[in-house]
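Reading through the structure tokens given below for one structure.
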Amino acid sequence: MSLRLGDTVPDFNAITTEGEINFYEYLGNSWGVLFSHPADYTPVCTTELGRTALLKHEFEKRNVKVLAVSVDPLEKHLGWRNDINETQHCSVDFPIIADEDKKVAGLYDMIHPNASETFTVRSLFIIGPDKKLKLFITYPASTGRNFNEVLRVIDSLQLTSNYSVATPADWKQGEDVIVTTAVSTEDAVKRFPKGVNVVKPYLRYTPQPNLE
Ligand code: BEZ
């Protein structure tokens with residue numbers, strides 16, 4: 001059965017380009033992004049891993065550890081990593097899991113046989129410090145993921161895990177957020193001293209509470 005939001009994600013040991021790791025130990029108390037790609041030495045995957053490396057500081061700022069995975073062997077990952085660094089002008093230093101026995105792919109349901117019997121699709125999992133699944137997306141091999149969107153979702157998840165707010169469509173850091181319906185307007189006014197804009201009793205905005 002595939003993973004669902006709120007599930008505790010499976011732990012595993014794996015061989016990676018950064019040595020052998022235990023997934024839970026590697027994550028520690030950080031947030032995690034685990035993402036699969038179909039195969040090494042392929043163009044879209046090359047851009048995705050390069051983009052992830054170039055966003056290193058954005059992930060670090062958010063206390064997020066990133067891991068990539070495909071079913072290719074370690075030696076292939078190591079050779080391809082040189083190509084990624086060369087062509088994408090980056091330095092990939094996050095682990096790329098060599099999942100030759102498809103253990104991780106199986107645990108995370110990353111092989112969708114009607115798309116490909118052998119290769120992992122583009123799955124991406126955001127995992128909280130509690131090791132629970134916060135988001136997953138799956139893209140086809142032909143479409144590279146939008147890593148700005150991944151960061152945007154992490155911003156929303158981190159904000160909404162600390163305050164009784166939700167984020168509206170297309171929200172970005174710094175924009176107004178929505179007061180959740182669990183909070184009465186009377187309480188909201190006390191909890192959000194920057195102000196509450198009541199558009200409808202169920203649609204109330206407040207400035208992002210964790211900003212100066
Ligand atoms: C790519 O990364 O470009 C790719 C990988 C597998 C199938 C199609 C495209």
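Identifiers in the structure tokens: chain A, B, ... in order shown; residue index from 1 per chain; ligand index from 1 in order shown.
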
Which of chain A counts as strand (DSSP E) under DSSP, as a PDB file with N, CA, C and O atoms, in the first residue's frame please?
ATOM      1  N   ASN A  13      18.316   1.536   5.299  1.00  0.00           N
ATOM      2  CA  ASN A  13      19.757   1.753   5.136  1.00  0.00           C
ATOM      3  C   ASN A  13      20.042   1.747   3.642  1.00  0.00           C
ATOM      4  O   ASN A  13      19.391   0.995   2.896  1.00  0.00           O
ATOM      5  N   ALA A  14      20.981   2.561   3.213  1.00  0.00           N
ATOM      6  CA  ALA A  14      21.228   2.639   1.766  1.00  0.00           C
ATOM      7  C   ALA A  14      22.674   2.993   1.479  1.00  0.00           C
ATOM      8  O   ALA A  14      23.348   3.666   2.270  1.00  0.00           O
ATOM      9  N   ILE A  15      23.117   2.549   0.301  1.00  0.00           N
ATOM     10  CA  ILE A  15      24.421   2.963  -0.231  1.00  0.00           C
ATOM     11  C   ILE A  15      24.185   4.233  -1.050  1.00  0.00           C
ATOM     12  O   ILE A  15      23.267   4.279  -1.887  1.00  0.00           O
ATOM     13  N   THR A  16      24.998   5.252  -0.773  1.00  0.00           N
ATOM     14  CA  THR A  16      24.801   6.529  -1.465  1.00  0.00           C
ATOM     15  C   THR A  16      26.155   7.092  -1.902  1.00  0.00           C
ATOM     16  O   THR A  16      27.214   6.613  -1.481  1.00  0.00           O
ATOM     17  N   GLY A  19      28.351   7.824   0.983  1.00  0.00           N
ATOM     18  CA  GLY A  19      28.619   6.697   1.887  1.00  0.00           C
ATOM     19  C   GLY A  19      27.332   6.007   2.303  1.00  0.00           C
ATOM     20  O   GLY A  19      26.244   6.366   1.847  1.00  0.00           O
ATOM     21  N   GLU A  20      27.482   5.013   3.178  1.00  0.00           N
ATOM     22  CA  GLU A  20      26.293   4.285   3.639  1.00  0.00           C
ATOM     23  C   GLU A  20      25.550   5.136   4.651  1.00  0.00           C
ATOM     24  O   GLU A  20      26.185   5.751   5.526  1.00  0.00           O
ATOM     25  N   ILE A  21      24.249   5.146   4.557  1.00  0.00           N
ATOM     26  CA  ILE A  21      23.473   5.948   5.510  1.00  0.00           C
ATOM     27  C   ILE A  21      22.300   5.144   6.056  1.00  0.00           C
ATOM     28  O   ILE A  21      21.805   4.219   5.413  1.00  0.00           O
ATOM     29  N   ASN A  22      21.899   5.538   7.242  1.00  0.00           N
ATOM     30  CA  ASN A  22      20.582   5.157   7.744  1.00  0.00           C
ATOM     31  C   ASN A  22      19.713   6.400   7.586  1.00  0.00           C
ATOM     32  O   ASN A  22      20.104   7.486   8.023  1.00  0.00           O
ATOM     33  N   TRP A  31      13.961  18.502   8.648  1.00  0.00           N
ATOM     34  CA  TRP A  31      12.972  18.125   7.651  1.00  0.00           C
ATOM     35  C   TRP A  31      13.720  17.357   6.540  1.00  0.00           C
ATOM     36  O   TRP A  31      14.960  17.469   6.439  1.00  0.00           O
ATOM     37  N   GLY A  32      12.993  16.596   5.742  1.00  0.00           N
ATOM     38  CA  GLY A  32      13.637  15.838   4.669  1.00  0.00           C
ATOM     39  C   GLY A  32      12.893  15.980   3.349  1.00  0.00           C
ATOM     40  O   GLY A  32      11.666  16.118   3.341  1.00  0.00           O
ATOM     41  N   VAL A  33      13.669  15.959   2.271  1.00  0.00           N
ATOM     42  CA  VAL A  33      13.083  15.828   0.928  1.00  0.00           C
ATOM     43  C   VAL A  33      13.757  14.622   0.284  1.00  0.00           C
ATOM     44  O   VAL A  33      14.983  14.613   0.105  1.00  0.00           O
ATOM     45  N   LEU A  34      12.962  13.607  -0.003  1.00  0.00           N
ATOM     46  CA  LEU A  34      13.457  12.410  -0.690  1.00  0.00           C
ATOM     47  C   LEU A  34      12.811  12.398  -2.068  1.00  0.00           C
ATOM     48  O   LEU A  34      11.582  12.426  -2.166  1.00  0.00           O
ATOM     49  N   PHE A  35      13.642  12.414  -3.119  1.00  0.00           N
ATOM     50  CA  PHE A  35      13.023  12.441  -4.449  1.00  0.00           C
ATOM     51  C   PHE A  35      13.685  11.455  -5.390  1.00  0.00           C
ATOM     52  O   PHE A  35      14.904  11.306  -5.410  1.00  0.00           O
ATOM     53  N   SER A  36      12.839  10.780  -6.149  1.00  0.00           N
ATOM     54  CA  SER A  36      13.344   9.783  -7.101  1.00  0.00           C
ATOM     55  C   SER A  36      13.390  10.368  -8.503  1.00  0.00           C
ATOM     56  O   SER A  36      12.628  11.284  -8.833  1.00  0.00           O
ATOM     57  N   VAL A  64      16.410  21.665   6.045  1.00  0.00           N
ATOM     58  CA  VAL A  64      15.935  20.532   5.233  1.00  0.00           C
ATOM     59  C   VAL A  64      17.127  19.761   4.689  1.00  0.00           C
ATOM     60  O   VAL A  64      18.052  20.368   4.130  1.00  0.00           O
ATOM     61  N   LYS A  65      17.105  18.445   4.838  1.00  0.00           N
ATOM     62  CA  LYS A  65      18.126  17.595   4.209  1.00  0.00           C
ATOM     63  C   LYS A  65      17.511  16.916   2.989  1.00  0.00           C
ATOM     64  O   LYS A  65      16.382  16.429   3.051  1.00  0.00           O
ATOM     65  N   VAL A  66      18.277  16.877   1.925  1.00  0.00           N
ATOM     66  CA  VAL A  66      17.773  16.391   0.637  1.00  0.00           C
ATOM     67  C   VAL A  66      18.472  15.091   0.269  1.00  0.00           C
ATOM     68  O   VAL A  66      19.674  14.952   0.510  1.00  0.00           O
ATOM     69  N   LEU A  67      17.737  14.171  -0.309  1.00  0.00           N
ATOM     70  CA  LEU A  67      18.327  12.932  -0.843  1.00  0.00           C
ATOM     71  C   LEU A  67      17.645  12.598  -2.162  1.00  0.00           C
ATOM     72  O   LEU A  67      16.409  12.676  -2.252  1.00  0.00           O
ATOM     73  N   ALA A  68      18.440  12.201  -3.138  1.00  0.00           N
ATOM     74  CA  ALA A  68      17.880  11.732  -4.418  1.00  0.00           C
ATOM     75  C   ALA A  68      18.015  10.213  -4.464  1.00  0.00           C
ATOM     76  O   ALA A  68      18.830   9.633  -3.746  1.00  0.00           O
ATOM     77  N   VAL A  69      17.213   9.590  -5.304  1.00  0.00           N
ATOM     78  CA  VAL A  69      17.292   8.132  -5.429  1.00  0.00           C
ATOM     79  C   VAL A  69      16.942   7.700  -6.849  1.00  0.00           C
ATOM     80  O   VAL A  69      16.036   8.255  -7.470  1.00  0.00           O
ATOM     81  N   SER A  70      17.731   6.741  -7.349  1.00  0.00           N
ATOM     82  CA  SER A  70      17.305   6.008  -8.551  1.00  0.00           C
ATOM     83  C   SER A  70      17.867   4.595  -8.435  1.00  0.00           C
ATOM     84  O   SER A  70      18.663   4.306  -7.538  1.00  0.00           O
ATOM     85  N   ILE A  96      23.011  10.699  -3.236  1.00  0.00           N
ATOM     86  CA  ILE A  96      22.188  10.076  -4.286  1.00  0.00           C
ATOM     87  C   ILE A  96      22.202   8.579  -3.973  1.00  0.00           C
ATOM     88  O   ILE A  96      23.266   7.942  -3.975  1.00  0.00           O
ATOM     89  N   ILE A  97      21.047   8.063  -3.657  1.00  0.00           N
ATOM     90  CA  ILE A  97      20.944   6.659  -3.234  1.00  0.00           C
ATOM     91  C   ILE A  97      21.039   5.744  -4.453  1.00  0.00           C
ATOM     92  O   ILE A  97      20.377   5.979  -5.472  1.00  0.00           O
ATOM     93  N   ALA A  98      21.890   4.721  -4.315  1.00  0.00           N
ATOM     94  CA  ALA A  98      22.008   3.696  -5.366  1.00  0.00           C
ATOM     95  C   ALA A  98      21.086   2.546  -4.974  1.00  0.00           C
ATOM     96  O   ALA A  98      21.462   1.662  -4.205  1.00  0.00           O
ATOM     97  N   ARG A 122       9.127  10.274 -11.150  1.00  0.00           N
ATOM     98  CA  ARG A 122       9.609  11.441 -10.386  1.00  0.00           C
ATOM     99  C   ARG A 122       8.710  11.661  -9.177  1.00  0.00           C
ATOM    100  O   ARG A 122       7.786  12.474  -9.213  1.00  0.00           O
ATOM    101  N   SER A 123       8.974  10.901  -8.111  1.00  0.00           N
ATOM    102  CA  SER A 123       8.235  11.092  -6.862  1.00  0.00           C
ATOM    103  C   SER A 123       9.038  12.015  -5.963  1.00  0.00           C
ATOM    104  O   SER A 123      10.278  12.025  -6.026  1.00  0.00           O
ATOM    105  N   LEU A 124       8.338  12.767  -5.132  1.00  0.00           N
ATOM    106  CA  LEU A 124       9.033  13.629  -4.169  1.00  0.00           C
ATOM    107  C   LEU A 124       8.236  13.638  -2.873  1.00  0.00           C
ATOM    108  O   LEU A 124       7.014  13.811  -2.892  1.00  0.00           O
ATOM    109  N   PHE A 125       8.939  13.402  -1.785  1.00  0.00           N
ATOM    110  CA  PHE A 125       8.312  13.299  -0.468  1.00  0.00           C
ATOM    111  C   PHE A 125       8.907  14.366   0.446  1.00  0.00           C
ATOM    112  O   PHE A 125      10.138  14.467   0.556  1.00  0.00           O
ATOM    113  N   ILE A 126       8.044  15.139   1.090  1.00  0.00           N
ATOM    114  CA  ILE A 126       8.517  16.057   2.133  1.00  0.00           C
ATOM    115  C   ILE A 126       8.148  15.434   3.473  1.00  0.00           C
ATOM    116  O   ILE A 126       6.984  15.058   3.711  1.00  0.00           O
ATOM    117  N   ILE A 127       9.166  15.310   4.316  1.00  0.00           N
ATOM    118  CA  ILE A 127       9.024  14.586   5.582  1.00  0.00           C
ATOM    119  C   ILE A 127       9.333  15.549   6.719  1.00  0.00           C
ATOM    120  O   ILE A 127      10.339  16.281   6.678  1.00  0.00           O
ATOM    121  N   LEU A 133       4.861  11.945   6.870  1.00  0.00           N
ATOM    122  CA  LEU A 133       4.782  12.440   5.496  1.00  0.00           C
ATOM    123  C   LEU A 133       3.890  13.679   5.430  1.00  0.00           C
ATOM    124  O   LEU A 133       2.727  13.637   5.835  1.00  0.00           O
ATOM    125  N   LYS A 134       4.474  14.775   4.932  1.00  0.00           N
ATOM    126  CA  LYS A 134       3.738  16.046   4.865  1.00  0.00           C
ATOM    127  C   LYS A 134       3.212  16.327   3.465  1.00  0.00           C
ATOM    128  O   LYS A 134       2.236  17.054   3.305  1.00  0.00           O
ATOM    129  N   LEU A 135       3.906  15.838   2.464  1.00  0.00           N
ATOM    130  CA  LEU A 135       3.478  16.077   1.071  1.00  0.00           C
ATOM    131  C   LEU A 135       4.134  15.045   0.170  1.00  0.00           C
ATOM    132  O   LEU A 135       5.264  14.643   0.435  1.00  0.00           O
ATOM    133  N   PHE A 136       3.422  14.608  -0.842  1.00  0.00           N
ATOM    134  CA  PHE A 136       4.118  13.886  -1.914  1.00  0.00           C
ATOM    135  C   PHE A 136       3.536  14.296  -3.255  1.00  0.00           C
ATOM    136  O   PHE A 136       2.352  14.620  -3.370  1.00  0.00           O
ATOM    137  N   ILE A 137       4.421  14.353  -4.227  1.00  0.00           N
ATOM    138  CA  ILE A 137       3.992  14.657  -5.591  1.00  0.00           C
ATOM    139  C   ILE A 137       4.643  13.629  -6.512  1.00  0.00           C
ATOM    140  O   ILE A 137       5.705  13.100  -6.199  1.00  0.00           O
ATOM    141  N   THR A 138       3.993  13.374  -7.610  1.00  0.00           N
ATOM    142  CA  THR A 138       4.556  12.443  -8.594  1.00  0.00           C
ATOM    143  C   THR A 138       4.411  13.055  -9.978  1.00  0.00           C
ATOM    144  O   THR A 138       3.302  13.443 -10.370  1.00  0.00           O
ATOM    145  N   TYR A 139       5.529  13.172 -10.647  1.00  0.00           N
ATOM    146  CA  TYR A 139       5.555  13.740 -11.997  1.00  0.00           C
ATOM    147  C   TYR A 139       6.008  12.657 -12.969  1.00  0.00           C
ATOM    148  O   TYR A 139       6.771  11.759 -12.601  1.00  0.00           O
ATOM    149  N   VAL A 165      -2.730  28.909  11.167  1.00  0.00           N
ATOM    150  CA  VAL A 165      -2.989  29.551   9.883  1.00  0.00           C
ATOM    151  C   VAL A 165      -2.846  28.532   8.763  1.00  0.00           C
ATOM    152  O   VAL A 165      -2.267  27.451   8.947  1.00  0.00           O
ATOM    153  N   ALA A 166      -3.393  28.900   7.618  1.00  0.00           N
ATOM    154  CA  ALA A 166      -3.220  28.130   6.385  1.00  0.00           C
ATOM    155  C   ALA A 166      -2.771  29.127   5.324  1.00  0.00           C
ATOM    156  O   ALA A 166      -2.877  30.341   5.527  1.00  0.00           O
ATOM    157  N   VAL A 177      -1.765  35.483   5.223  1.00  0.00           N
ATOM    158  CA  VAL A 177      -2.176  34.085   5.358  1.00  0.00           C
ATOM    159  C   VAL A 177      -3.618  34.038   5.871  1.00  0.00           C
ATOM    160  O   VAL A 177      -4.190  35.067   6.242  1.00  0.00           O
ATOM    161  N   ILE A 178      -4.163  32.850   5.886  1.00  0.00           N
ATOM    162  CA  ILE A 178      -5.562  32.646   6.276  1.00  0.00           C
ATOM    163  C   ILE A 178      -5.624  32.123   7.709  1.00  0.00           C
ATOM    164  O   ILE A 178      -4.859  31.224   8.080  1.00  0.00           O
ATOM    165  N   VAL A 179      -6.525  32.682   8.495  1.00  0.00           N
ATOM    166  CA  VAL A 179      -6.758  32.170   9.848  1.00  0.00           C
ATOM    167  C   VAL A 179      -7.617  30.907   9.710  1.00  0.00           C
ATOM    168  O   VAL A 179      -8.629  30.920   9.005  1.00  0.00           O
ATOM    169  N   ASN A 197      -8.365  40.608   8.822  1.00  0.00           N
ATOM    170  CA  ASN A 197      -9.277  41.142   7.814  1.00  0.00           C
ATOM    171  C   ASN A 197     -10.365  40.092   7.559  1.00  0.00           C
ATOM    172  O   ASN A 197     -10.100  39.045   6.975  1.00  0.00           O
ATOM    173  N   VAL A 198     -11.587  40.389   8.033  1.00  0.00           N
ATOM    174  CA  VAL A 198     -12.688  39.423   7.905  1.00  0.00           C
ATOM    175  C   VAL A 198     -13.436  39.705   6.596  1.00  0.00           C
ATOM    176  O   VAL A 198     -14.204  40.655   6.500  1.00  0.00           O
ATOM    177  N   VAL A 199     -13.197  38.871   5.604  1.00  0.00           N
ATOM    178  CA  VAL A 199     -13.868  39.015   4.299  1.00  0.00           C
ATOM    179  C   VAL A 199     -15.224  38.321   4.355  1.00  0.00           C
ATOM    180  O   VAL A 199     -16.237  38.834   3.877  1.00  0.00           O
ATOM    181  N   LYS A 200     -15.240  37.144   4.942  1.00  0.00           N
ATOM    182  CA  LYS A 200     -16.438  36.359   5.264  1.00  0.00           C
ATOM    183  C   LYS A 200     -16.139  35.729   6.608  1.00  0.00           C
ATOM    184  O   LYS A 200     -14.963  35.591   6.985  1.00  0.00           O
ATOM    185  N   LEU A 203     -13.553  33.308   5.976  1.00  0.00           N
ATOM    186  CA  LEU A 203     -12.406  33.730   5.146  1.00  0.00           C
ATOM    187  C   LEU A 203     -11.771  34.971   5.768  1.00  0.00           C
ATOM    188  O   LEU A 203     -12.225  36.099   5.540  1.00  0.00           O
ATOM    189  N   ARG A 204     -10.742  34.701   6.588  1.00  0.00           N
ATOM    190  CA  ARG A 204     -10.124  35.799   7.346  1.00  0.00           C
ATOM    191  C   ARG A 204      -8.622  35.779   7.110  1.00  0.00           C
ATOM    192  O   ARG A 204      -7.978  34.734   7.213  1.00  0.00           O
ATOM    193  N   TYR A 205      -8.078  36.929   6.799  1.00  0.00           N
ATOM    194  CA  TYR A 205      -6.648  37.045   6.488  1.00  0.00           C
ATOM    195  C   TYR A 205      -5.932  37.763   7.626  1.00  0.00           C
ATOM    196  O   TYR A 205      -6.507  38.633   8.292  1.00  0.00           O
ATOM    197  N   THR A 206      -4.667  37.420   7.790  1.00  0.00           N
ATOM    198  CA  THR A 206      -3.816  38.152   8.724  1.00  0.00           C
ATOM    199  C   THR A 206      -2.399  38.212   8.128  1.00  0.00           C
ATOM    200  O   THR A 206      -2.012  37.301   7.369  1.00  0.00           O
TER     201      THR A 206
END

Env. residues ligand 1 / 7 Å / only C-alpha atoms and all ligand atoms / as number ranges by chain = A: 38-39, 42-46, 141-142

In terms of only C-alpha atoms, the residue from A:His89, A:Arg145, A:Lys172, A:Lys194 at minimal distance from A:Val121 is A:Arg145

Residues near A:Asn82, cut-off 12 Å, only C-alpha atoms, skip fewer than 2 positions along chain, as number ranges by chain: A: 17, 40-41, 46, 49-50, 75-80, 84-93

If you count only C-alpha atoms, the residue of A:Asp109, A:Phe94, A:His37, A:Asp72 closest to A:Pro140 turns out to be A:His37

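Counting only C-alpha atoms and comparing A:Glu186, A:Glu212, A:Glu100, A:Asp7, the residue that lies closest to A:Asp130 is A:Asp7.
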
- Out of chain A, which residues get helix (DSSP H, G or I) from DSSP, as a PyMOL selection string? chain A and resi 23-27+43-54+56-61+74-88+103-107+147-160+185-191

Residue with the minimum atom-to-atom distance to A:Leu3, picked from A:Lys102, A:Lys132, A:Arg62, A:Arg81 with only C-alpha atoms counted, is A:Lys132

If you count only C-alpha atoms, the residue of A:Leu55, A:Leu27, A:Met110, A:Ala188 closest to A:Leu151 turns out to be A:Leu55

> How many Å separate atom CA of A:Pro129 from atom CA of A:Lys56?
Replying inline: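 About the pair atom CA of A:Pro129 and atom CA of A:Lys56: they are 18.5 Å apart.
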
One residue among A:Tyr108, A:Tyr163, A:Phe192, A:Trp171 is nearest to A:Arg4 when using only C-alpha atoms, and that residue is A:Tyr108
